[in-house]
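Structure below is coords_13.cif: mmCIF, C-alpha atoms (C1' of nucleotides).
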data_target
#
loop_
_atom_site.label_atom_id
_atom_site.label_comp_id
_atom_site.auth_asym_id
_atom_site.auth_seq_id
_atom_site.Cartn_x
_atom_site.Cartn_y
_atom_site.Cartn_z
CA MET A 1 121.75 96.15 88.84
CA SER A 2 123.67 94.40 86.07
CA PRO A 3 122.16 91.37 84.31
CA ALA A 4 124.76 89.17 86.03
CA GLU A 5 123.86 90.54 89.46
CA LEU A 6 120.18 90.03 88.73
CA ASP A 7 120.79 86.40 87.80
CA GLN A 8 122.86 85.92 90.92
CA LEU A 9 120.26 87.38 93.24
CA THR A 10 117.41 85.56 91.54
CA SER A 11 119.27 82.31 92.00
CA GLU A 12 119.86 83.07 95.68
CA TRP A 13 116.15 83.60 96.23
CA LEU A 14 115.32 80.34 94.48
CA ASP A 15 117.89 78.60 96.68
CA LYS A 16 116.18 79.97 99.76
CA LEU A 17 112.80 78.84 98.52
CA GLN A 18 114.23 75.40 97.88
CA GLU A 19 115.82 75.22 101.32
CA SER A 20 112.37 75.82 102.74
CA GLY A 21 110.92 72.88 100.86
CA TYR A 22 109.54 74.68 97.83
CA ARG A 23 110.46 73.50 94.38
CA ARG A 24 112.48 75.28 91.76
CA THR A 25 110.26 76.15 88.82
CA ASP A 26 110.47 78.35 85.78
CA ARG A 27 107.32 80.27 86.83
CA CYS A 28 108.73 81.08 90.19
CA GLU A 29 112.00 82.17 88.66
CA ALA A 30 110.28 84.52 86.23
CA ILE A 31 108.24 86.12 89.00
CA VAL A 32 111.22 86.51 91.33
CA ARG A 33 113.25 88.05 88.54
CA ALA A 34 110.47 90.53 87.76
CA ILE A 35 110.33 91.60 91.41
CA LEU A 36 114.08 92.01 91.66
CA ALA A 37 114.48 93.73 88.32
CA SER A 38 112.04 96.53 89.09
CA PRO A 39 113.02 99.68 90.97
CA ARG A 40 109.32 100.15 91.67
CA ALA A 41 106.90 98.33 93.88
CA MET A 42 104.76 96.24 91.56
CA ASP A 43 101.25 94.98 92.07
CA PRO A 44 100.29 91.40 91.19
CA MET A 45 98.94 92.32 87.77
CA GLU A 46 102.08 94.23 86.83
CA LEU A 47 104.22 91.28 87.91
CA PHE A 48 101.98 89.01 85.89
CA ASP A 49 102.46 91.10 82.74
CA GLU A 50 106.19 91.30 83.31
CA ALA A 51 106.74 87.61 84.04
CA ARG A 52 104.58 86.58 81.12
CA LYS A 53 107.20 88.00 78.80
CA ASP A 54 109.28 85.01 79.89
CA ILE A 55 106.45 82.53 80.46
CA PRO A 56 103.53 83.36 78.20
CA ARG A 57 101.34 80.59 79.62
CA LEU A 58 101.76 81.78 83.21
CA GLY A 59 98.58 82.10 85.25
CA LEU A 60 97.79 85.05 87.49
CA VAL A 61 97.04 82.62 90.31
CA THR A 62 100.65 81.54 90.31
CA VAL A 63 101.74 85.13 90.83
CA TYR A 64 99.56 85.38 93.93
CA ARG A 65 100.81 82.05 95.26
CA THR A 66 104.43 82.98 94.67
CA ILE A 67 104.03 86.34 96.40
CA GLN A 68 102.57 84.48 99.37
CA LYS A 69 105.54 82.12 99.55
CA LEU A 70 108.02 84.95 99.30
CA ALA A 71 106.19 86.89 102.00
CA ASP A 72 106.16 83.82 104.26
CA LEU A 73 109.92 83.56 103.92
CA GLY A 74 110.29 87.28 104.55
CA LEU A 75 111.85 87.90 101.14
CA VAL A 76 109.25 90.48 100.18
CA GLU A 77 107.19 93.02 102.04
CA ARG A 78 103.76 94.20 101.04
CA LEU A 79 103.13 97.87 100.64
CA HIS A 80 99.63 98.98 101.54
CA GLN A 81 97.69 101.35 99.37
CA GLU A 82 94.75 103.63 99.87
CA GLU A 83 92.68 101.91 97.26
CA GLY A 84 92.72 98.58 95.52
CA CYS A 85 95.60 96.20 95.44
CA HIS A 86 98.84 96.11 97.30
CA ARG A 87 102.34 96.19 95.89
CA VAL A 88 105.32 93.97 96.50
CA LEU A 89 108.88 94.92 97.36
CA PRO A 90 112.07 93.01 98.12
CA ALA A 91 112.37 93.06 101.88
CA THR A 92 115.37 94.70 103.45
CA GLN A 93 117.16 93.87 106.67
CA GLY A 94 115.15 94.65 109.78
CA HIS A 95 111.99 96.66 109.87
CA GLN A 96 112.01 99.44 107.35
CA HIS A 97 109.62 102.16 106.37
CA PHE A 98 108.61 103.21 102.92
CA LEU A 99 108.76 106.46 101.08
CA VAL A 100 106.66 106.12 97.96
CA CYS A 101 106.63 108.50 95.02
CA SER A 102 103.02 109.26 94.23
CA SER A 103 103.92 110.08 90.65
CA CYS A 104 106.19 107.27 89.42
CA GLY A 105 105.83 104.71 92.22
CA THR A 106 109.52 104.54 93.04
CA VAL A 107 110.08 103.35 96.57
CA THR A 108 112.85 104.43 98.89
CA TYR A 109 113.46 102.96 102.30
CA PHE A 110 114.36 104.74 105.46
CA ALA A 111 115.14 103.43 108.89
CA GLY A 112 112.93 104.57 111.70
CA ASP A 113 115.48 104.59 114.50
CA ASN A 114 114.15 107.87 115.81
CA LEU A 115 110.73 106.33 116.18
CA ALA A 116 111.54 104.04 119.06
CA GLY A 117 111.59 106.95 121.48
CA LEU A 118 108.31 108.30 120.16
CA PHE A 119 106.66 104.94 120.59
CA GLU A 120 107.84 104.65 124.16
CA THR A 121 106.41 108.06 124.94
CA ILE A 122 103.09 107.14 123.39
CA ALA A 123 103.00 103.83 125.23
CA ALA A 124 103.64 105.59 128.51
CA GLN A 125 100.97 108.21 127.81
CA THR A 126 98.25 105.85 126.66
CA GLY A 127 98.94 102.66 128.58
CA PHE A 128 98.98 100.70 125.34
CA GLU A 129 101.47 97.94 124.76
CA ILE A 130 102.58 98.71 121.22
CA GLN A 131 103.08 95.63 119.10
CA GLU A 132 103.36 96.79 115.55
CA HIS A 133 103.48 99.93 113.49
CA TRP A 134 102.89 101.01 109.97
CA LEU A 135 104.59 104.08 108.63
CA GLN A 136 104.42 105.01 104.99
CA LEU A 137 105.23 108.37 103.50
CA PHE A 138 104.01 109.59 100.15
CA GLY A 139 105.51 112.38 98.11
CA LEU A 140 107.42 113.28 94.99
CA CYS A 141 110.80 111.73 94.32
CA PRO A 142 113.65 113.93 93.07
CA ALA A 143 113.03 112.94 89.45
CA CYS A 144 109.33 113.79 89.64
CA ARG A 145 109.62 117.07 91.49
CA PRO A 146 108.92 120.12 89.39
CA ALA A 147 112.19 121.90 88.63
CA MET B 1 78.69 110.55 125.88
CA SER B 2 75.18 111.12 127.26
CA PRO B 3 72.13 110.45 125.09
CA ALA B 4 71.50 114.20 124.93
CA GLU B 5 75.05 114.88 123.79
CA LEU B 6 74.74 112.15 121.18
CA ASP B 7 71.55 113.69 119.81
CA GLN B 8 73.18 117.10 119.77
CA LEU B 9 76.25 115.93 117.89
CA THR B 10 74.24 113.82 115.48
CA SER B 11 72.13 116.85 114.67
CA GLU B 12 75.21 118.97 114.09
CA TRP B 13 76.55 116.47 111.59
CA LEU B 14 73.21 116.39 109.76
CA ASP B 15 73.28 120.17 109.66
CA LYS B 16 76.70 120.10 108.08
CA LEU B 17 75.55 117.58 105.51
CA GLN B 18 72.57 119.76 104.72
CA GLU B 19 74.70 122.88 104.39
CA SER B 20 76.68 121.02 101.75
CA GLY B 21 73.56 120.27 99.74
CA TYR B 22 72.79 116.79 101.03
CA ARG B 23 69.33 116.02 102.33
CA ARG B 24 68.28 115.18 105.83
CA THR B 25 67.07 111.60 105.95
CA ASP B 26 66.31 109.03 108.62
CA ARG B 27 68.84 106.58 107.12
CA CYS B 28 71.62 109.07 107.27
CA GLU B 29 70.71 109.99 110.82
CA ALA B 30 70.78 106.38 111.97
CA ILE B 31 74.18 105.79 110.38
CA VAL B 32 75.68 108.99 111.79
CA ARG B 33 74.36 108.13 115.23
CA ALA B 34 75.89 104.66 115.05
CA ILE B 35 79.28 106.11 114.16
CA LEU B 36 79.16 108.67 116.94
CA ALA B 37 77.81 106.28 119.56
CA SER B 38 80.63 103.76 119.19
CA PRO B 39 83.95 104.07 120.99
CA ARG B 40 85.34 101.69 118.40
CA ALA B 41 86.12 102.07 114.74
CA MET B 42 83.37 100.24 112.93
CA ASP B 43 83.43 98.65 109.50
CA PRO B 44 80.55 99.13 107.05
CA MET B 45 78.87 95.84 107.99
CA GLU B 46 78.98 96.63 111.70
CA LEU B 47 77.49 100.05 111.03
CA PHE B 48 74.83 98.40 108.92
CA ASP B 49 73.86 96.03 111.72
CA GLU B 50 73.82 98.83 114.23
CA ALA B 51 71.82 101.29 112.15
CA ARG B 52 69.34 98.61 111.18
CA LYS B 53 68.18 98.49 114.79
CA ASP B 54 66.65 101.90 114.03
CA ILE B 55 65.84 101.38 110.36
CA PRO B 56 65.21 97.70 109.69
CA ARG B 57 64.75 98.21 105.95
CA LEU B 58 68.08 99.99 105.54
CA GLY B 59 70.28 98.80 102.68
CA LEU B 60 74.02 98.18 103.00
CA VAL B 61 74.56 100.33 99.91
CA THR B 62 73.27 103.33 101.81
CA VAL B 63 75.87 102.76 104.50
CA TYR B 64 78.64 102.89 101.91
CA ARG B 65 77.18 105.98 100.30
CA THR B 66 76.82 107.76 103.62
CA ILE B 67 80.38 106.95 104.66
CA GLN B 68 81.53 108.43 101.37
CA LYS B 69 79.62 111.66 101.98
CA LEU B 70 80.94 111.96 105.51
CA ALA B 71 84.49 111.34 104.31
CA ASP B 72 84.11 113.97 101.58
CA LEU B 73 83.10 116.51 104.22
CA GLY B 74 85.97 115.44 106.44
CA LEU B 75 83.66 114.32 109.23
CA VAL B 76 85.08 110.81 109.32
CA GLU B 77 88.46 109.27 108.65
CA ARG B 78 89.06 105.82 107.30
CA LEU B 79 91.32 103.47 109.17
CA HIS B 80 93.28 101.09 107.00
CA GLN B 81 93.58 97.45 107.84
CA GLU B 82 95.96 94.70 106.87
CA GLU B 83 93.21 92.52 105.47
CA GLY B 84 89.69 93.08 104.28
CA CYS B 85 87.60 96.13 104.90
CA HIS B 86 88.38 99.45 106.43
CA ARG B 87 86.85 101.04 109.49
CA VAL B 88 85.35 104.44 110.05
CA LEU B 89 86.05 106.94 112.78
CA PRO B 90 84.83 110.43 113.59
CA ALA B 91 87.57 112.75 112.39
CA THR B 92 89.32 114.93 114.91
CA GLN B 93 90.80 118.37 114.49
CA GLY B 94 93.92 118.43 112.36
CA HIS B 95 95.81 115.40 111.23
CA GLN B 96 95.88 112.69 113.84
CA HIS B 97 97.38 109.27 114.09
CA PHE B 98 95.75 106.11 115.30
CA LEU B 99 96.59 103.66 118.00
CA VAL B 100 94.41 100.62 117.50
CA CYS B 101 93.89 97.82 120.00
CA SER B 102 94.38 94.56 118.15
CA SER B 103 92.19 92.76 120.66
CA CYS B 104 89.07 94.90 121.14
CA GLY B 105 89.40 97.42 118.32
CA THR B 106 89.34 100.49 120.54
CA VAL B 107 91.02 103.43 118.88
CA THR B 108 93.01 106.14 120.60
CA TYR B 109 94.40 109.18 118.85
CA PHE B 110 97.74 110.76 119.35
CA ALA B 111 99.22 113.87 117.82
CA GLY B 112 102.37 113.45 115.81
CA ASP B 113 104.04 116.76 116.58
CA ASN B 114 107.39 115.10 117.01
CA LEU B 115 107.13 113.69 113.54
CA ALA B 116 107.54 116.94 111.67
CA GLY B 117 111.26 117.02 112.46
CA LEU B 118 111.71 113.42 111.36
CA PHE B 119 109.97 114.11 108.08
CA GLU B 120 112.20 117.10 107.40
CA THR B 121 115.28 115.02 108.00
CA ILE B 122 114.03 112.31 105.67
CA ALA B 123 113.11 114.85 103.00
CA ALA B 124 116.59 116.34 103.19
CA GLN B 125 118.26 112.93 103.03
CA THR B 126 116.24 111.53 100.15
CA GLY B 127 115.37 114.58 98.08
CA PHE B 128 111.68 113.64 98.26
CA GLU B 129 109.03 116.28 98.71
CA ILE B 130 106.84 114.64 101.32
CA GLN B 131 103.14 115.19 100.75
CA GLU B 132 101.32 112.80 102.99
CA HIS B 133 101.96 110.23 105.67
CA TRP B 134 100.23 107.30 107.22
CA LEU B 135 101.07 106.27 110.73
CA GLN B 136 99.08 103.64 112.53
CA LEU B 137 100.15 101.77 115.62
CA PHE B 138 98.75 98.45 116.74
CA GLY B 139 98.91 97.02 120.22
CA LEU B 140 96.98 96.12 123.32
CA CYS B 141 94.96 98.76 125.13
CA PRO B 142 95.14 98.95 128.92
CA ALA B 143 91.94 96.94 129.31
CA CYS B 144 93.18 94.14 127.07
CA ARG B 145 96.69 93.87 128.45
CA PRO B 146 97.34 90.77 130.50
CA ALA B 147 97.48 91.75 134.17
"C1'" DC C 1 49.92 122.14 100.91
"C1'" DC C 2 50.75 120.73 95.98
"C1'" DT C 3 54.03 119.79 92.60
"C1'" DG C 4 57.71 119.08 90.07
"C1'" DA C 5 62.93 118.83 90.11
"C1'" DT C 6 66.31 116.59 92.31
"C1'" DC C 7 68.29 113.76 95.60
"C1'" DT C 8 68.14 109.35 98.03
"C1'" DT C 9 67.10 104.75 98.39
"C1'" DG C 10 67.10 99.37 97.92
"C1'" DA C 11 67.54 95.37 95.09
"C1'" DA C 12 70.07 93.22 91.92
"C1'" DA C 13 73.83 92.93 89.06
"C1'" DA C 14 78.49 94.25 88.04
"C1'" DT C 15 83.26 94.93 89.40
"C1'" DC C 16 87.71 94.29 91.37
"C1'" DG C 17 91.23 92.00 93.76
"C1'" DT C 18 92.04 87.71 95.64
"C1'" DT C 19 91.37 82.71 96.99
"C1'" DT C 20 89.67 78.06 96.41
"C1'" DT C 21 88.80 73.83 93.87
"C1'" DC C 22 90.23 70.33 91.05
"C1'" DA C 23 92.16 67.82 87.40
"C1'" DT C 24 96.69 67.90 85.11
"C1'" DT C 25 101.58 68.64 84.79
"C1'" DT C 26 106.25 69.10 87.02
"C1'" DT C 27 109.59 68.31 90.23
"C1'" DA C 28 112.39 65.81 93.40
"C1'" DT C 29 113.17 61.28 95.21
"C1'" DT C 30 113.44 56.20 94.75
"C1'" DA D 1 112.02 54.90 84.92
"C1'" DA D 2 108.53 55.00 88.89
"C1'" DT D 3 106.58 57.29 92.41
"C1'" DA D 4 104.95 60.68 95.87
"C1'" DA D 5 104.50 65.37 96.63
"C1'" DA D 6 104.11 69.89 95.20
"C1'" DA D 7 103.05 73.36 91.53
"C1'" DT D 8 100.15 74.82 87.92
"C1'" DG D 9 96.11 76.90 85.12
"C1'" DA D 10 91.27 77.29 84.24
"C1'" DA D 11 87.20 78.14 86.14
"C1'" DA D 12 84.45 79.05 89.83
"C1'" DA D 13 83.92 81.11 94.36
"C1'" DC D 14 84.67 84.80 97.29
"C1'" DG D 15 84.26 89.27 100.00
"C1'" DA D 16 84.19 94.06 99.81
"C1'" DT D 17 82.64 97.69 97.23
"C1'" DT D 18 80.35 100.16 93.23
"C1'" DT D 19 77.10 100.77 89.59
"C1'" DT D 20 72.55 100.63 87.49
"C1'" DC D 21 67.93 101.59 87.57
"C1'" DA D 22 63.32 102.10 88.92
"C1'" DA D 23 60.75 103.68 92.90
"C1'" DG D 24 60.49 106.62 96.90
"C1'" DA D 25 61.56 110.78 99.80
"C1'" DT D 26 62.90 115.67 100.38
"C1'" DC D 27 62.96 120.37 99.32
"C1'" DA D 28 61.93 124.77 96.88
"C1'" DG D 29 58.58 127.48 94.43
"C1'" DG D 30 54.15 128.49 93.35
#
Give the structure from the file, written as structure tokens.
Amino acid sequence: MSPAELDQLTSEWLDKLQESGYRRTDRCEAIVRAILASPRAMDPMELFDEARKDIPRLGLVTVYRTIQKLADLGLVERLHQEEGCHRVLPATQGHQHFLVCSSCGTVTYFAGDNLAGLFETIAAQTGFEIQEHWLQLFGLCPACRPA
Amino acid sequence: MSPAELDQLTSEWLDKLQESGYRRTDRCEAIVRAILASPRAMDPMELFDEARKDIPRLGLVTVYRTIQKLADLGLVERLHQEEGCHRVLPATQGHQHFLVCSSCGTVTYFAGDNLAGLFETIAAQTGFEIQEHWLQLFGLCPACRPA
DNA sequence: CCTGATCTTGAAAATCGTTTTCATTTTATT
DNA sequence: AATAAAATGAAAACGATTTTCAAGATCAGG
């Protein structure tokens, strides 16, 4: 993403926040930019370090609060992890699934169209009414695979 | 499961722990029995409350340590949750996936045979080498579905 | 069955990620 | 500018989990 595209997208997200009644602040802008600029899913502390390059007096609390707002508006999705903290990603259209590189953390999305049929089968077999699903794959991305 | 079957299985688990160099203790037995006796996935605090009916002076720390040992031996699997703590389930043969009732917590397993093909497709499309996957479904079990 | 080496235990404190509280500063509106 | 509402940072609180450490239990060898 070019610097101009990053500015553009950052501004769009701030517009959406504003439309929802939130205010436009420098802290929020720095955090949004850090999320959008990274090809990786970042955890709150990483976002904090990144955004503090713009706003040295930023508090970690503000990062948590901003993530919450963005998640409420559906602009980011949270990626669950085995241990410790979660990571934050720009949300894509519709429900997507994650493919996470266990070496460098790069995240790729994939659509789970094929899954609908599987879920119907499972629902029929078990009698459950399926409401939600979590699918995350872990592996090595092309760059991290041994040659 | 009948009381006799529960005793039998509990004893088998303690045998396995012992074979791996762990000692046979009353605390461990109470915790193992609580895990095996429940049809639900229990979190550490629930296991603590349950096992304390047998061993009133049990410490919560011991519950955590015992879960860790059981997980190391592959006797239990941990079920991830959106918020807060995780839950513990007796592990089944091979890799299984969970179907969790969001109302009563009952857990059903299902095999993900159909998934292998999907994962191959995704690997081919993305260039990732897939190492591990997490699939958990949430919904309402037959008993909790509105009639 | 003693006896020591080693493992296990419980209480308390420490840790880690996250949330709450509250007084102060900013923002958007008048 | 003046005001009401929301955003902020520091510090404290929080919940789940882990570590520390001294005391207790288990197991192997004599």
Determine which residues of chain C sit within 12 Å of chain B, taking into account only C-alpha atoms (C1' of nucleotides), and present them as a short mmCIF file (atom, residue, chain, number, x, y, z; two decimals) with C-alpha atoms (C1' of nucleotides), in the frame of the given file.
data_model
loop_
_atom_site.label_atom_id
_atom_site.label_comp_id
_atom_site.auth_asym_id
_atom_site.auth_seq_id
_atom_site.Cartn_x
_atom_site.Cartn_y
_atom_site.Cartn_z
"C1'" DT C 6 66.31 116.59 92.31
"C1'" DC C 7 68.29 113.76 95.60
"C1'" DT C 8 68.14 109.35 98.03
"C1'" DT C 9 67.10 104.75 98.39
"C1'" DG C 10 67.10 99.37 97.92
"C1'" DA C 11 67.54 95.37 95.09
"C1'" DA C 12 70.07 93.22 91.92
"C1'" DG C 17 91.23 92.00 93.76
"C1'" DT C 18 92.04 87.71 95.64
#
As a VMD selection string, could you give me every residue of chain D near chain B (at most 8 Å apart, counting only C-alpha atoms (C1' of nucleotides))? chain D and resid 15 to 16 26
Could you spell out the hits of the PyMOL selection byres ((chain B) within 7 of (chain A)) on the shown file, as a PyMOL selection string? chain B and resi 127-142
Go ahead and find all residues with at least one atom no further than 12 Å from (89.3, 72.4, 94.8) in the file's coordinates, using only C-alpha atoms (C1' of nucleotides); report them as a list in words.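 Every polymer residue passing the test: DT19, DT20, DT21, DC22 and DA23 of chain C; DA10, DA11, DA12 and DA13 of chain D.
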Check which residues satisfy the PyMOL selection byres ((chain B and resi 1-7) around 8) in the file shown, then give them as number ranges by chain. B: 8-11, 33, 36-37
Shortest contact to D:DT19, candidates C:DA14, C:DT30, C:DT24, C:DG4, atoms counted only C-alpha atoms (C1' of nucleotides), goes to C:DA14
Figure out the distance between atom CA of B:Leu79 and atom CA of A:Thr66, please, to one decimal in Å.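 Going from atom CA of A:Thr66 over to atom CA of B:Leu79 covers 28.3 Å.
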For C:DT25: contacts at 12 Å, only C-alpha atoms (C1' of nucleotides), fewer than 5 positions along chain excluded, given as JSON, numbers by chain: {"D": [6, 7, 8, 9]}
How many Å separate atom CA of A:Ile35 from atom C1' of C:DT26? 23.3 Å
